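*Asks:* Take this structure first; my questions come after.
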Amino acid sequence: MKLGFSDMEEAFRRECASWLDEQMAGEFADIRGIANLVDKPERRKAWERRLAEHRYSCIGWPIAWGGRDATLNEQVIFAEEYARAGAPNRLNHMGVELLGPTLLALGSSEQKARFLPAIAEGTAIWCQGYSEPGAGSDLAAIRTRARRDGDEWVIEGQKIWTSLAQFADMIFVLARTEDGTSGREGLSFLLVDLDQPGIAIRPIRQINGEAEFNEVFFDGARCPVENMVGAEGEGWTVSTTLLSFERGISTLGQQMQFRNELDAVIAAARRNGKAADPVFRQRLAEAEIGLRLMRYGALRMLADGKGGALAGAALTYKIQWASWRRALGELAMDVLGQEGEVAPVDAEAWPLLTNLYLYSRADTIYGGTNQIQRNLIAERGLGLPREPRGNA
């Protein structure tokens, strides 16, 4: 497996690094290295627009839709340099990394023309309406319904764990559009404007004090019929196609953020002398080995999947990184000791490593619990018999 990059690709890396460092040391220095996902939303929206101005927002997209038509390697390079520069987590991750590629693959020409430019320009922020109370990791059990009323769909129901919905303009919603159906049947994929009567968003306060997640209530909200991606009843296919992009290029940028967190743990261990302790040294070494294995595995998956919808080994990635990062959070707290349990009275948020510990508790739950991930590996990856399901 070739892990290096060509001279031209390394030149592109220097170009990206130079521009990102300039931005993070200049006008956008105030959002550099932000550890949480909800701080300074207006500044982060401005950052989305700045990325778009220089065609860095969605570099893997075709030039016609605001991208650079970047190669797989170039996308990997930009993701790594983005994280290395300390640029903030993307406020429009759902639009750029998930919905955009799905529309490019499955959307109509009208849907592409209407929605892709605003995503690429950073002027339309998207969130994801999948999970529901009682149907968090089991999308086939959702109960949100949409009924046809002339040229519109009328939506009734509730979504939960909706990341950054309070800052979003639009939401893609998986809803049941055929009465009497259950499981994967009768689901449709709708693109819904959040700024309308019949939609209420309520933040959910998390253990680290943030409110990244939200409940979204639909009470007669409306969606034009032309905003359905795919045909009626094909929502399961569209939704799983979208989820496949979740294991794509952004995984390399995510790993660079993990690199920054691990480096911070190592620095803390050196500062307080625990790096000299054989037990801590072994745990730090295991964390380093795990991160490197994730990088090599991600590069292999991306090469096999050509940067698009991934399968096979990619099914293992979520449980791998989630378990690793949860263990890193525990290691961080053990390294910090009592220092990690307190924060200055005037602090607006927990320090980086304490926040890592608190937030990483959710990593093995959201996006499909570790238990669900094991089912996916067994059933889809290995072809083993399906676990009995009451609604399947």
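Identifiers in the structure tokens: chain A, B, ... in order shown; residue index from 1 per chain; ligand index from 1 in order shown.
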Any idea what's packed within 6 Å of A:Thr177, counting only C-alpha atoms, ignoring anything in its chain fewer than 4 positions away? Could you give it as a PyMOL selection string?
*Replies:* chain A and resi 145-147+186-187
*Asks:* Nearest residue to A:Leu299 out of A:Gln320, A:Leu376, A:Arg361, A:Gln255, using only C-alpha atoms?
*Replies:*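 Ranking A:Gln320, A:Leu376, A:Arg361, A:Gln255 by distance to A:Leu299, first place goes to A:Gln255.
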*Asks:* As a ChimeraX atom specification, please: every residue in stretch 127-371 of chain A that a backbone DSSP assignment puts in helix (DSSP H, G or I).
*Replies:* /A:139-141,165-167,225-227,235-247,250-271,274-276,278-305,312-341,352-360,370-371
*Asks:* Taking the chain letters and numbering used in this document, name the residues of stretch 61-280 of chain A that DSSP puts in strand (DSSP E or B), as a count of residues only.
*Replies:* 51
